[in-house]
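One structure is given below, encoded as structure tokens.
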Number of protein chains: 2
Amino acid sequence: MTQDKSAKKDDFDLQEFLPYLLNRAAEESSLEFQQVYKDRYGMLRTEWRVLFHLGNYGEMTAKEIGERAKIHKTKVSRAVSKLEQRRYLARNRDTSDRRVEQLTLTSAGQTVYRDLRLVAEAYDSKLAGLFSRDEAKLLRKMLRRLAHMD
Amino acid sequence: MTQDKSAKKDDFDLQEFLPYLLNRAAEESSLEFQQVYKDRYGMLRTEWRVLFHLGNYGEMTAKEIGERAKIHKTKVSRAVSKLEQRRYLARNRDTSDRRVEQLTLTSAGQTVYRDLRLVAEAYDSKLAGLFSRDEAKLLRKMLRRLAHMD
DNA sequence: GAGTAATAGTTGATTTTGTAACTAACAAGC
DNA sequence: GCTTGTTAGTTACAAAATCAACTATTACTC
């Protein structure tokens, strides 16, 4: 127990702090993909996420998308509106519960999805290529754990 | 080469897409720490980052902080103003180049930094505790690689 | 050393996000 | 069947992020 005021050495390292590292890695690794969906389709982050949820998992409600992707309902609502304006998705009132809207991609939306999916796949391979196959697998597993997605 | 229109199966999985996983993990793992600096000190993300840079690395200019942390200069500028208002940091005009301001934490700022650093250390340990020591070490290494911090 | 370019940092306008309050539809209790 | 509560989704307003233009100072060039 030394005097903590002057004798304490600062052995903390911001660059090792996991939340900081995770954010830096996330931002950096989003840039290149962002460029594509932004420049090519004028989409925002939430918009491609909604598009991908519908493209990848099929028909779904706004609420389900929000829960799966952990996006707040107001953000989902706005993204859905914008994607609808651009005719990338269509809403269908659920007949048994008229509060609910089933969302599906239009064929234009599917085309966009398929295009972006190709970009995503290529980019993911590029990122994963920074590591060995086992390391990449472990990385995904650890990220899922951190994100409570397992 | 099969007909790609109908025969193509969608084997892409959004939940395995690294930029998506990284963002989800980053958001999730920031929440708990955010709660502290936000509720306890009314700070924003950029503000604690600036505070930590000064606390952890010592005197620095706004430009250096921006480069190290990859934060845009307007964001740094506003964070510095707010931290100055709260008397957490002081500016010193560089005598040899009067465009430049050397920034340092005041003793109040150091106190806040030390408090938050303790929280950060504890939280980092908690997160790292989800993995083995080797895994955690590898995780940080991989994140640094992805963030171009190596 | 006057003129032009570059740099550190700030400010203002626009866009995007976050928070809370809202509407419309359904559910439950009695 | 009517009050009370809950849920899906939207809207309005405030807070924050982004982008471009700006000031002040220094560096470069002739």
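Chains: A, B, ... in order of the structure tokens. Residues: from 1 per chain. Ligands: from 1, in order shown.
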
In chain B, what's strand (DSSP E) per DSSP? Answer as a list in words?
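Listing strand (DSSP E) positions across chain B yields Met60, Thr61, Leu89, Ala90, Arg91, Asn92, Arg93, Glu101, Gln102, Leu103, Thr104 and Leu105 of chain B.
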
Using only C-alpha atoms (C1' of nucleotides), select each residue of chain B with any atom at most 9 Å away from an atom of chain D, and give the selection as a list in words.
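Residues of chain B within 9 Å of chain D, counting only C-alpha atoms (C1' of nucleotides): Lys75, Asp97, Arg98 and Arg99 of chain B.
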
Can I get the residues of chain A within 8 Å of chain B, each with the closest pair of atoms and their distance in Å to one decimal, using only C-alpha atoms, sorted chain first then ascending number, as CSV?
```
residue,atom,partner,partner_atom,distance
A:Asp10,CA,B:Asn56,CA,7.2
A:Phe12,CA,B:Asn56,CA,7.3
A:Asp13,CA,B:Asn56,CA,7.0
A:Leu14,CA,B:Asn56,CA,7.0
A:Glu16,CA,B:Arg140,CA,6.8
A:Phe17,CA,B:Asp124,CA,6.2
A:Leu18,CA,B:Asp124,CA,6.1
A:Pro19,CA,B:Ser30,CA,5.5
A:Leu21,CA,B:Leu143,CA,6.2
A:Leu22,CA,B:Ala26,CA,4.9
A:Asn23,CA,B:Ala26,CA,5.1
A:Arg24,CA,B:Ala147,CA,5.5
A:Ala25,CA,B:Ala147,CA,4.1
A:Ala26,CA,B:Leu22,CA,4.9
A:Glu27,CA,B:Asn23,CA,7.6
A:Glu28,CA,B:Ala147,CA,5.5
A:Ser29,CA,B:Pro19,CA,5.7
A:Ser30,CA,B:Pro19,CA,5.4
A:Phe52,CA,B:Leu14,CA,7.2
A:His53,CA,B:Leu14,CA,7.5
A:Asn56,CA,B:Leu14,CA,7.0
A:Arg117,CA,B:Phe12,CA,7.5
A:Ala120,CA,B:Phe17,CA,7.5
A:Glu121,CA,B:Phe12,CA,7.4
A:Asp124,CA,B:Leu18,CA,6.1
A:Leu127,CA,B:Leu18,CA,7.6
A:Ala128,CA,B:Leu18,CA,7.9
A:Leu130,CA,B:Arg145,CA,7.9
A:Phe131,CA,B:Met142,CA,7.9
A:Leu139,CA,B:Leu139,CA,6.7
A:Arg140,CA,B:Glu16,CA,6.8
A:Met142,CA,B:Leu139,CA,7.7
A:Leu143,CA,B:Ala25,CA,5.6
A:Arg144,CA,B:Leu21,CA,6.7
A:Arg145,CA,B:Leu130,CA,7.9
A:Leu146,CA,B:Ala25,CA,5.2
A:Ala147,CA,B:Ala25,CA,4.1
A:His148,CA,B:Glu28,CA,7.8
```

Compile the residues of chain C that lie within 10 Å of chain A, evaluated using only C-alpha atoms (C1' of nucleotides), and express the compilation as a PyMOL selection string.
chain C and resi 16-18+24-26

Atom CA of A:Ala90 and atom CA of A:Thr111, how far apart in Å?
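Computing the Euclidean distance for atom CA of A:Thr111 and atom CA of A:Ala90 yields 14.3 Å.
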
Would you mind aligning chain B to chain A, a least-squares fit over all C-alpha atoms taken in order, and returning the superposed chain as a short mmCIF file (atom, residue, chain, number, x, y, z; two decimals) with N, CA and C atoms, in the first residue's frame?
```
data_model
loop_
_atom_site.label_atom_id
_atom_site.label_comp_id
_atom_site.auth_asym_id
_atom_site.auth_seq_id
_atom_site.Cartn_x
_atom_site.Cartn_y
_atom_site.Cartn_z
N MET B 1 0.43 -1.37 0.30
CA MET B 1 -0.39 -0.15 0.31
C MET B 1 0.49 1.09 0.29
N THR B 2 0.91 1.52 -0.86
CA THR B 2 1.73 2.74 -0.96
C THR B 2 0.80 3.94 -1.05
N GLN B 3 1.37 5.11 -0.89
CA GLN B 3 0.55 6.33 -1.05
C GLN B 3 0.10 6.42 -2.50
N ASP B 4 -1.20 6.43 -2.69
CA ASP B 4 -1.68 6.31 -4.06
C ASP B 4 -1.65 7.62 -4.85
N LYS B 5 -1.47 8.74 -4.17
CA LYS B 5 -1.56 10.00 -4.90
C LYS B 5 -0.40 10.21 -5.88
N SER B 6 0.81 10.10 -5.37
CA SER B 6 1.96 10.39 -6.24
C SER B 6 2.65 9.13 -6.74
N ALA B 7 2.58 8.06 -5.95
CA ALA B 7 3.35 6.87 -6.29
C ALA B 7 2.67 6.01 -7.36
N LYS B 8 1.37 6.22 -7.55
CA LYS B 8 0.67 5.36 -8.49
C LYS B 8 1.09 5.62 -9.92
N LYS B 9 1.57 4.58 -10.55
CA LYS B 9 1.95 4.67 -11.96
C LYS B 9 0.73 4.33 -12.80
N ASP B 10 0.55 5.04 -13.89
CA ASP B 10 -0.61 4.81 -14.75
C ASP B 10 -0.34 3.68 -15.72
N ASP B 11 -0.67 2.47 -15.32
CA ASP B 11 -0.37 1.33 -16.19
C ASP B 11 -1.54 0.95 -17.08
N PHE B 12 -2.57 1.77 -17.03
CA PHE B 12 -3.71 1.55 -17.93
C PHE B 12 -3.29 1.91 -19.36
N ASP B 13 -3.78 1.16 -20.32
CA ASP B 13 -3.48 1.52 -21.71
C ASP B 13 -4.77 1.58 -22.52
N LEU B 14 -5.12 2.79 -22.90
CA LEU B 14 -6.36 3.01 -23.65
C LEU B 14 -6.45 2.11 -24.87
N GLN B 15 -5.33 1.91 -25.51
CA GLN B 15 -5.32 1.14 -26.75
C GLN B 15 -5.59 -0.35 -26.54
N GLU B 16 -5.61 -0.76 -25.28
CA GLU B 16 -5.90 -2.16 -24.98
C GLU B 16 -7.31 -2.32 -24.42
N PHE B 17 -7.96 -1.21 -24.18
CA PHE B 17 -9.30 -1.23 -23.58
C PHE B 17 -10.30 -1.80 -24.59
N LEU B 18 -10.91 -2.91 -24.24
CA LEU B 18 -11.73 -3.63 -25.21
C LEU B 18 -12.85 -2.81 -25.86
N PRO B 19 -13.63 -2.06 -25.10
CA PRO B 19 -14.67 -1.27 -25.78
C PRO B 19 -14.07 -0.29 -26.79
N TYR B 20 -12.95 0.28 -26.46
CA TYR B 20 -12.28 1.20 -27.39
C TYR B 20 -11.79 0.45 -28.63
N LEU B 21 -11.11 -0.65 -28.40
CA LEU B 21 -10.61 -1.46 -29.51
C LEU B 21 -11.74 -1.96 -30.40
N LEU B 22 -12.81 -2.40 -29.77
CA LEU B 22 -13.94 -2.91 -30.55
C LEU B 22 -14.55 -1.82 -31.41
N ASN B 23 -14.69 -0.63 -30.83
CA ASN B 23 -15.27 0.46 -31.60
C ASN B 23 -14.35 0.87 -32.75
N ARG B 24 -13.07 0.96 -32.46
CA ARG B 24 -12.14 1.32 -33.53
C ARG B 24 -12.17 0.29 -34.66
N ALA B 25 -12.16 -0.98 -34.28
CA ALA B 25 -12.19 -2.04 -35.30
C ALA B 25 -13.50 -2.02 -36.07
N ALA B 26 -14.60 -1.79 -35.36
CA ALA B 26 -15.91 -1.76 -36.02
C ALA B 26 -15.99 -0.59 -36.99
N GLU B 27 -15.54 0.57 -36.56
CA GLU B 27 -15.59 1.74 -37.44
C GLU B 27 -14.74 1.52 -38.69
N GLU B 28 -13.53 1.08 -38.44
CA GLU B 28 -12.60 0.88 -39.55
C GLU B 28 -13.15 -0.14 -40.54
N SER B 29 -13.67 -1.23 -40.00
CA SER B 29 -14.09 -2.31 -40.89
C SER B 29 -15.45 -2.05 -41.52
N SER B 30 -16.11 -0.97 -41.10
CA SER B 30 -17.39 -0.63 -41.72
C SER B 30 -17.21 0.31 -42.90
N LEU B 31 -16.12 1.07 -42.86
CA LEU B 31 -15.89 2.12 -43.85
C LEU B 31 -16.05 1.68 -45.29
N GLU B 32 -15.37 0.59 -45.63
CA GLU B 32 -15.31 0.19 -47.03
C GLU B 32 -16.68 -0.28 -47.53
N PHE B 33 -17.38 -1.02 -46.68
CA PHE B 33 -18.70 -1.49 -47.08
C PHE B 33 -19.69 -0.32 -47.14
N GLN B 34 -19.57 0.56 -46.16
CA GLN B 34 -20.41 1.77 -46.12
C GLN B 34 -20.30 2.56 -47.43
N GLN B 35 -19.09 2.70 -47.89
CA GLN B 35 -18.86 3.41 -49.15
C GLN B 35 -19.76 2.87 -50.25
N VAL B 36 -19.89 1.55 -50.29
CA VAL B 36 -20.66 0.94 -51.37
C VAL B 36 -22.15 1.21 -51.23
N TYR B 37 -22.72 0.87 -50.07
CA TYR B 37 -24.18 1.04 -49.97
C TYR B 37 -24.58 2.50 -49.97
N LYS B 38 -23.66 3.35 -49.51
CA LYS B 38 -23.94 4.78 -49.50
C LYS B 38 -23.83 5.37 -50.91
N ASP B 39 -22.70 5.16 -51.54
CA ASP B 39 -22.48 5.76 -52.86
C ASP B 39 -23.34 5.13 -53.93
N ARG B 40 -23.50 3.79 -53.85
CA ARG B 40 -24.20 3.12 -54.93
C ARG B 40 -25.70 3.20 -54.78
N TYR B 41 -26.21 3.22 -53.54
CA TYR B 41 -27.66 3.21 -53.34
C TYR B 41 -28.17 4.31 -52.40
N GLY B 42 -27.29 5.19 -51.97
CA GLY B 42 -27.73 6.27 -51.08
C GLY B 42 -28.36 5.78 -49.79
N MET B 43 -27.91 4.63 -49.30
CA MET B 43 -28.50 4.08 -48.09
C MET B 43 -27.71 4.45 -46.85
N LEU B 44 -28.42 4.37 -45.73
CA LEU B 44 -27.81 4.59 -44.42
C LEU B 44 -27.57 3.24 -43.76
N ARG B 45 -26.82 3.28 -42.67
CA ARG B 45 -26.48 2.06 -41.97
C ARG B 45 -27.71 1.24 -41.59
N THR B 46 -28.68 1.92 -40.99
CA THR B 46 -29.88 1.20 -40.56
C THR B 46 -30.62 0.63 -41.77
N GLU B 47 -30.55 1.36 -42.87
CA GLU B 47 -31.29 0.90 -44.05
C GLU B 47 -30.71 -0.39 -44.64
N TRP B 48 -29.40 -0.48 -44.75
CA TRP B 48 -28.88 -1.74 -45.30
C TRP B 48 -29.13 -2.87 -44.32
N ARG B 49 -29.11 -2.56 -43.03
CA ARG B 49 -29.37 -3.61 -42.05
C ARG B 49 -30.78 -4.16 -42.20
N VAL B 50 -31.74 -3.27 -42.35
CA VAL B 50 -33.12 -3.70 -42.54
C VAL B 50 -33.24 -4.49 -43.84
N LEU B 51 -32.66 -3.94 -44.89
CA LEU B 51 -32.67 -4.64 -46.18
C LEU B 51 -32.10 -6.04 -46.06
N PHE B 52 -30.97 -6.15 -45.38
CA PHE B 52 -30.32 -7.45 -45.24
C PHE B 52 -31.13 -8.40 -44.37
N HIS B 53 -31.79 -7.89 -43.39
CA HIS B 53 -32.61 -8.77 -42.57
C HIS B 53 -33.73 -9.38 -43.40
N LEU B 54 -34.38 -8.55 -44.19
CA LEU B 54 -35.46 -9.06 -45.03
C LEU B 54 -34.91 -9.97 -46.13
N GLY B 55 -33.79 -9.58 -46.71
CA GLY B 55 -33.22 -10.38 -47.78
C GLY B 55 -32.70 -11.71 -47.27
N ASN B 56 -32.13 -11.67 -46.11
CA ASN B 56 -31.48 -12.86 -45.60
C ASN B 56 -32.43 -13.80 -44.86
N TYR B 57 -33.41 -13.24 -44.16
CA TYR B 57 -34.29 -14.07 -43.36
C TYR B 57 -35.73 -14.11 -43.88
N GLY B 58 -36.03 -13.31 -44.89
CA GLY B 58 -37.39 -13.33 -45.43
C GLY B 58 -38.35 -12.43 -44.68
N GLU B 59 -39.63 -12.57 -44.99
CA GLU B 59 -40.69 -11.73 -44.42
C GLU B 59 -40.58 -11.59 -42.91
N MET B 60 -40.79 -10.38 -42.46
CA MET B 60 -40.59 -10.08 -41.05
C MET B 60 -41.30 -8.78 -40.70
N THR B 61 -41.64 -8.59 -39.43
CA THR B 61 -42.24 -7.31 -39.03
C THR B 61 -41.14 -6.35 -38.58
N ALA B 62 -41.51 -5.08 -38.50
CA ALA B 62 -40.56 -4.06 -38.04
C ALA B 62 -40.06 -4.40 -36.64
N LYS B 63 -40.96 -4.87 -35.83
CA LYS B 63 -40.60 -5.18 -34.46
C LYS B 63 -39.54 -6.29 -34.40
N GLU B 64 -39.78 -7.34 -35.21
CA GLU B 64 -38.81 -8.45 -35.23
C GLU B 64 -37.44 -7.98 -35.69
N ILE B 65 -37.41 -7.12 -36.70
CA ILE B 65 -36.13 -6.60 -37.17
C ILE B 65 -35.43 -5.85 -36.04
N GLY B 66 -36.20 -5.02 -35.36
CA GLY B 66 -35.62 -4.25 -34.25
C GLY B 66 -35.03 -5.15 -33.17
N GLU B 67 -35.75 -6.22 -32.86
CA GLU B 67 -35.26 -7.12 -31.82
C GLU B 67 -34.02 -7.88 -32.25
N ARG B 68 -34.06 -8.39 -33.46
CA ARG B 68 -32.93 -9.17 -33.95
C ARG B 68 -31.68 -8.32 -34.09
N ALA B 69 -31.87 -7.12 -34.63
CA ALA B 69 -30.71 -6.28 -34.95
C ALA B 69 -30.39 -5.29 -33.84
N LYS B 70 -31.20 -5.30 -32.79
CA LYS B 70 -31.03 -4.33 -31.71
C LYS B 70 -31.03 -2.91 -32.24
N ILE B 71 -32.05 -2.60 -33.01
CA ILE B 71 -32.22 -1.25 -33.53
C ILE B 71 -33.51 -0.70 -32.93
N HIS B 72 -33.48 0.53 -32.50
CA HIS B 72 -34.66 1.14 -31.88
C HIS B 72 -35.78 1.29 -32.90
N LYS B 73 -37.01 1.15 -32.40
CA LYS B 73 -38.15 1.10 -33.31
C LYS B 73 -38.32 2.36 -34.15
N THR B 74 -37.91 3.52 -33.61
CA THR B 74 -38.03 4.73 -34.43
C THR B 74 -37.06 4.69 -35.61
N LYS B 75 -35.88 4.15 -35.36
CA LYS B 75 -34.92 4.03 -36.45
C LYS B 75 -35.41 3.03 -37.49
N VAL B 76 -35.94 1.92 -37.02
CA VAL B 76 -36.48 0.93 -37.95
C VAL B 76 -37.61 1.56 -38.76
N SER B 77 -38.50 2.25 -38.07
CA SER B 77 -39.65 2.86 -38.74
C SER B 77 -39.21 3.78 -39.87
N ARG B 78 -38.22 4.62 -39.58
CA ARG B 78 -37.75 5.56 -40.61
C ARG B 78 -37.02 4.86 -41.74
N ALA B 79 -36.27 3.82 -41.39
CA ALA B 79 -35.56 3.07 -42.44
C ALA B 79 -36.57 2.37 -43.35
N VAL B 80 -37.61 1.80 -42.74
CA VAL B 80 -38.64 1.12 -43.53
C VAL B 80 -39.32 2.10 -44.48
N SER B 81 -39.64 3.29 -43.96
CA SER B 81 -40.28 4.30 -44.81
C SER B 81 -39.42 4.63 -46.02
N LYS B 82 -38.14 4.80 -45.76
CA LYS B 82 -37.26 5.19 -46.85
C LYS B 82 -37.11 4.06 -47.87
N LEU B 83 -37.00 2.85 -47.37
CA LEU B 83 -36.89 1.70 -48.28
C LEU B 83 -38.18 1.51 -49.07
N GLU B 84 -39.29 1.85 -48.44
CA GLU B 84 -40.57 1.75 -49.14
C GLU B 84 -40.67 2.82 -50.23
N GLN B 85 -40.27 4.04 -49.89
CA GLN B 85 -40.25 5.12 -50.88
C GLN B 85 -39.46 4.73 -52.12
N ARG B 86 -38.35 4.08 -51.88
CA ARG B 86 -37.49 3.67 -53.01
C ARG B 86 -37.99 2.40 -53.67
N ARG B 87 -39.12 1.89 -53.18
CA ARG B 87 -39.72 0.68 -53.75
C ARG B 87 -38.82 -0.55 -53.58
N TYR B 88 -38.08 -0.58 -52.46
CA TYR B 88 -37.26 -1.75 -52.18
C TYR B 88 -38.03 -2.75 -51.32
N LEU B 89 -39.05 -2.27 -50.63
CA LEU B 89 -39.84 -3.20 -49.83
C LEU B 89 -41.31 -2.82 -49.88
N ALA B 90 -42.16 -3.80 -49.53
CA ALA B 90 -43.61 -3.58 -49.50
C ALA B 90 -44.14 -3.98 -48.13
N ARG B 91 -45.18 -3.26 -47.71
CA ARG B 91 -45.80 -3.55 -46.42
C ARG B 91 -47.09 -4.31 -46.66
N ASN B 92 -47.36 -5.26 -45.79
CA ASN B 92 -48.64 -5.96 -45.83
C ASN B 92 -49.24 -6.02 -44.45
N ARG B 93 -50.39 -5.36 -44.30
CA ARG B 93 -51.09 -5.41 -43.01
C ARG B 93 -51.43 -6.84 -42.68
N ASP B 94 -51.11 -7.22 -41.48
CA ASP B 94 -51.47 -8.55 -41.00
C ASP B 94 -52.98 -8.56 -40.77
N THR B 95 -53.66 -9.54 -41.36
CA THR B 95 -55.13 -9.55 -41.25
C THR B 95 -55.61 -9.92 -39.86
N SER B 96 -54.83 -10.73 -39.17
CA SER B 96 -55.27 -11.16 -37.84
C SER B 96 -54.94 -10.11 -36.77
N ASP B 97 -53.96 -9.26 -37.03
CA ASP B 97 -53.64 -8.18 -36.08
C ASP B 97 -53.27 -6.95 -36.90
N ARG B 98 -54.19 -6.02 -36.99
CA ARG B 98 -54.01 -4.93 -37.94
C ARG B 98 -53.04 -3.85 -37.46
N ARG B 99 -52.42 -4.04 -36.29
CA ARG B 99 -51.34 -3.14 -35.91
C ARG B 99 -50.06 -3.52 -36.66
N VAL B 100 -49.97 -4.79 -36.99
CA VAL B 100 -48.73 -5.37 -37.50
C VAL B 100 -48.61 -5.25 -39.02
N GLU B 101 -47.39 -4.99 -39.48
CA GLU B 101 -47.13 -5.00 -40.92
C GLU B 101 -46.07 -6.04 -41.25
N GLN B 102 -46.41 -6.93 -42.15
CA GLN B 102 -45.41 -7.87 -42.64
C GLN B 102 -44.62 -7.19 -43.75
N LEU B 103 -43.33 -7.21 -43.64
CA LEU B 103 -42.48 -6.54 -44.62
C LEU B 103 -41.78 -7.55 -45.52
N THR B 104 -41.76 -7.26 -46.80
CA THR B 104 -41.02 -8.11 -47.73
C THR B 104 -40.30 -7.25 -48.75
N LEU B 105 -39.21 -7.76 -49.28
CA LEU B 105 -38.51 -7.05 -50.34
C LEU B 105 -39.27 -7.17 -51.65
N THR B 106 -39.32 -6.09 -52.40
CA THR B 106 -39.83 -6.16 -53.77
C THR B 106 -38.74 -6.79 -54.63
N SER B 107 -39.03 -7.03 -55.88
CA SER B 107 -37.97 -7.64 -56.70
C SER B 107 -36.82 -6.64 -56.88
N ALA B 108 -37.16 -5.34 -56.92
CA ALA B 108 -36.09 -4.34 -56.97
C ALA B 108 -35.22 -4.44 -55.72
N GLY B 109 -35.88 -4.60 -54.57
CA GLY B 109 -35.15 -4.71 -53.31
C GLY B 109 -34.29 -5.95 -53.29
N GLN B 110 -34.81 -7.04 -53.85
CA GLN B 110 -34.02 -8.28 -53.89
C GLN B 110 -32.79 -8.12 -54.76
N THR B 111 -32.96 -7.38 -55.83
CA THR B 111 -31.82 -7.15 -56.72
C THR B 111 -30.71 -6.37 -55.98
N VAL B 112 -31.14 -5.33 -55.29
CA VAL B 112 -30.18 -4.55 -54.51
C VAL B 112 -29.53 -5.43 -53.45
N TYR B 113 -30.36 -6.20 -52.77
CA TYR B 113 -29.83 -7.08 -51.74
C TYR B 113 -28.78 -8.03 -52.31
N ARG B 114 -29.11 -8.64 -53.44
CA ARG B 114 -28.16 -9.60 -54.02
C ARG B 114 -26.85 -8.92 -54.40
N ASP B 115 -26.96 -7.71 -54.92
CA ASP B 115 -25.75 -6.99 -55.30
C ASP B 115 -24.90 -6.70 -54.06
N LEU B 116 -25.54 -6.18 -53.04
CA LEU B 116 -24.80 -5.83 -51.83
C LEU B 116 -24.29 -7.07 -51.11
N ARG B 117 -25.03 -8.15 -51.21
CA ARG B 117 -24.60 -9.38 -50.57
C ARG B 117 -23.28 -9.85 -51.18
N LEU B 118 -23.16 -9.71 -52.49
CA LEU B 118 -21.91 -10.09 -53.14
C LEU B 118 -20.75 -9.25 -52.61
N VAL B 119 -21.01 -7.95 -52.51
CA VAL B 119 -19.98 -7.06 -51.97
C VAL B 119 -19.62 -7.47 -50.55
N ALA B 120 -20.66 -7.75 -49.76
CA ALA B 120 -20.44 -8.12 -48.36
C ALA B 120 -19.62 -9.40 -48.26
N GLU B 121 -19.95 -10.37 -49.08
CA GLU B 121 -19.22 -11.64 -49.04
C GLU B 121 -17.75 -11.44 -49.38
N ALA B 122 -17.52 -10.66 -50.43
CA ALA B 122 -16.14 -10.42 -50.84
C ALA B 122 -15.38 -9.67 -49.76
N TYR B 123 -16.05 -8.70 -49.17
CA TYR B 123 -15.39 -7.90 -48.16
C TYR B 123 -15.11 -8.71 -46.91
N ASP B 124 -16.07 -9.55 -46.54
CA ASP B 124 -15.87 -10.41 -45.38
C ASP B 124 -14.68 -11.34 -45.59
N SER B 125 -14.58 -11.88 -46.79
CA SER B 125 -13.44 -12.75 -47.08
C SER B 125 -12.12 -11.99 -46.94
N LYS B 126 -12.15 -10.77 -47.42
CA LYS B 126 -10.94 -9.95 -47.33
C LYS B 126 -10.54 -9.72 -45.88
N LEU B 127 -11.52 -9.39 -45.05
CA LEU B 127 -11.22 -9.15 -43.63
C LEU B 127 -10.76 -10.44 -42.96
N ALA B 128 -11.50 -11.53 -43.21
CA ALA B 128 -11.15 -12.80 -42.58
C ALA B 128 -9.76 -13.25 -43.04
N GLY B 129 -9.39 -12.82 -44.25
CA GLY B 129 -8.08 -13.17 -44.79
C GLY B 129 -6.90 -12.61 -44.03
N LEU B 130 -7.19 -11.68 -43.13
CA LEU B 130 -6.12 -11.15 -42.28
C LEU B 130 -5.67 -12.17 -41.26
N PHE B 131 -6.48 -13.23 -41.09
CA PHE B 131 -6.19 -14.20 -40.04
C PHE B 131 -6.20 -15.61 -40.61
N SER B 132 -5.74 -16.54 -39.79
CA SER B 132 -5.84 -17.94 -40.19
C SER B 132 -7.31 -18.36 -40.09
N ARG B 133 -7.61 -19.49 -40.70
CA ARG B 133 -9.00 -19.95 -40.69
C ARG B 133 -9.51 -20.16 -39.26
N ASP B 134 -8.66 -20.74 -38.43
CA ASP B 134 -9.05 -20.98 -37.04
C ASP B 134 -9.22 -19.68 -36.26
N GLU B 135 -8.31 -18.78 -36.50
CA GLU B 135 -8.39 -17.49 -35.80
C GLU B 135 -9.67 -16.76 -36.18
N ALA B 136 -9.97 -16.74 -37.48
CA ALA B 136 -11.17 -16.04 -37.94
C ALA B 136 -12.42 -16.65 -37.31
N LYS B 137 -12.41 -17.98 -37.24
CA LYS B 137 -13.56 -18.66 -36.65
C LYS B 137 -13.70 -18.30 -35.17
N LEU B 138 -12.57 -18.28 -34.49
CA LEU B 138 -12.58 -17.92 -33.07
C LEU B 138 -13.01 -16.47 -32.89
N LEU B 139 -12.52 -15.60 -33.76
CA LEU B 139 -12.90 -14.19 -33.68
C LEU B 139 -14.42 -14.04 -33.74
N ARG B 140 -15.04 -14.67 -34.72
CA ARG B 140 -16.49 -14.57 -34.84
C ARG B 140 -17.18 -15.10 -33.59
N LYS B 141 -16.66 -16.16 -33.07
CA LYS B 141 -17.26 -16.74 -31.87
C LYS B 141 -17.16 -15.77 -30.69
N MET B 142 -16.00 -15.15 -30.57
CA MET B 142 -15.81 -14.21 -29.46
C MET B 142 -16.69 -12.98 -29.63
N LEU B 143 -16.81 -12.52 -30.85
CA LEU B 143 -17.65 -11.34 -31.10
C LEU B 143 -19.12 -11.65 -30.81
N ARG B 144 -19.54 -12.85 -31.20
CA ARG B 144 -20.91 -13.24 -30.89
C ARG B 144 -21.14 -13.25 -29.39
N ARG B 145 -20.17 -13.74 -28.67
CA ARG B 145 -20.27 -13.78 -27.22
C ARG B 145 -20.40 -12.36 -26.66
N LEU B 146 -19.53 -11.49 -27.11
CA LEU B 146 -19.56 -10.11 -26.63
C LEU B 146 -20.87 -9.41 -26.97
N ALA B 147 -21.43 -9.78 -28.12
CA ALA B 147 -22.66 -9.14 -28.58
C ALA B 147 -23.91 -9.83 -28.04
N HIS B 148 -23.70 -10.82 -27.18
CA HIS B 148 -24.81 -11.61 -26.66
C HIS B 148 -25.65 -12.19 -27.80
N MET B 149 -24.98 -12.68 -28.82
CA MET B 149 -25.70 -13.25 -29.96
C MET B 149 -25.57 -14.77 -29.96
N ASP B 150 -25.14 -15.32 -28.85
CA ASP B 150 -25.01 -16.79 -28.84
C ASP B 150 -26.01 -17.45 -27.90
#
```

Select from stretch 52-137 of chain B everything DSSP, run on the backbone, classes as helix (DSSP H, G or I), then give the selection as an MDAnalysis selection string.
chainID B and resid 52:57 62:69 73:85 107:128 133:137
